[in-house]
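Below is one structure, written out as structure tokens; the observations come after it.
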Amino acid sequence: DNDHGEYITKNQILLGKKTKMFGTFNEMIASEDFKKVHAVAICTPNHLHVPMLKAVKNKVVLVEKPPCMDKEGWDDIEKNIRKDDTVFVVLQLHYHPEFYKFMALASTQGPHEGSMVIRVCRDETYWKSWKGDKSKSGGVLFNIGVHYLEVLTSAFGDATEVEVEVSEDRISRGRISFGDNHFDYHIEITDNVNANTRHIQMDGQKFQFSTQDSLAQEDLHLKVYEEIKEKKGVGL
């Protein structure tokens with residue numbers, strides 16, 4: 001974009017002059033230096049994940065969530081991207097202590113009932129960045145809610161029914177069912193710094209994943225990157 005040159009200049013200063021920078025990812029992939037690379041982390045705006053996954057060949061790949069933003073993107077992945085043991089997704093909640101507790105309760109005899117409330121504080125810089133552009137981020141569901149919806153699908157498989165009550169820039173609310181298991185969901189971006197909460201309740205038990213404004217506070221990304229070196233993690 002128009003800020004790309006300025007971005008490169010700033011990062012060369014931060015990372016040091018010996019760090020090789022490229023104008024585009026295609027330029028990087030075509031370089032001789034890239035042939036020496038063993039693993040690639042794709043931490044770009046969400047709309048670039050699919051084309052970058054398609055472009056990177058014969059590498060261990062870690063892609064940020066979500067790997068795609070719609071069915072068309074997933075169909076593209078199905079046709080063009082290997083789904084073997086070398087492509088992983090950043091889903092750091094799989095290393096959260098509450099995740100294991102939730103999965104243990106979910107494995108008990110159901111049906112299970114619950115709710116999910118994800119409310120995070122973001123200021124105007126969020127909305128001015130690519131994250132505030134739904135065409136690039138996928139909106140509140142894909143940029144914020146994906147972590148927690150994925151917890152539910154990890155426990156219960158594919159959703160069988162989704163009822164959408166509200167779908168706006170700052171809030172998404174509805175009900176999602178997995179057979180006989182039903183969960184109300186509320187995913188919201190707020191400007192109230194004291195309103196942060198990321199929790200799922202099931203069968204009267206509350207699983208608090210965070211009360212911070214960012215999951216980085218839990219330092220779970222470190223575990224993700226440690227495992228990628230051993231070709232481990234949450235597969236595509």
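Note on naming: chains are A, B, ... as they come in the structure tokens, residues start from 1 per chain, ligands start from 1 in the order shown.
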
Backbone-only DSSP, strand (DSSP E or B) members of range 1-231 of chain A, as an MDAnalysis selection string: chainID A and resid 39:42 60:63 87:89 113:121 161:167 171:178 181:190 197:202 205:210

Range 90-169 of chain A residues near range 36-49 of chain A within 12 Å, closest pair each, using only C-alpha atoms, as a tab-separated table:
```
residue	atom	partner	partner_atom	distance
A:Val90	CA	A:Ala41	CA	9.4
A:Ser129	CA	A:Pro45	CA	9.8
A:Trp130	CA	A:Pro45	CA	6.8
A:Lys131	CA	A:Pro45	CA	7.5
A:Gly132	CA	A:Pro45	CA	10.8
A:Asp133	CA	A:Pro45	CA	10.0
A:Lys134	CA	A:His47	CA	9.5
A:Ser135	CA	A:His47	CA	7.2
A:Lys136	CA	A:His47	CA	4.8
A:Ser137	CA	A:Asn46	CA	5.1
A:Gly138	CA	A:Asn46	CA	7.3
A:Gly139	CA	A:Asn46	CA	10.0
A:Phe142	CA	A:Asn46	CA	8.7
A:Asn143	CA	A:Asn46	CA	8.1
A:Ile144	CA	A:Asn46	CA	11.8
A:Val146	CA	A:Asn46	CA	11.9
```

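Minimum atom-to-atom distances from A:Met21, A:Val140, A:Leu93, A:Leu236 to Trp74 in chain A were compared using only C-alpha atoms, and the lowest value belongs to A:Leu236.
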
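In the backbone-derived DSSP annotation, alpha helix (DSSP H) within range 17-99 of chain A comprises Phe25, Asn26, Glu27, Met28, Ile29, His49, Val50, Pro51, Met52, Leu53, Lys54, Ala55, Lys71, Glu72, Gly73, Trp74, Asp75, Asp76, Ile77, Glu78, Lys79, Asn80, Pro97, Glu98 and Phe99 of chain A.
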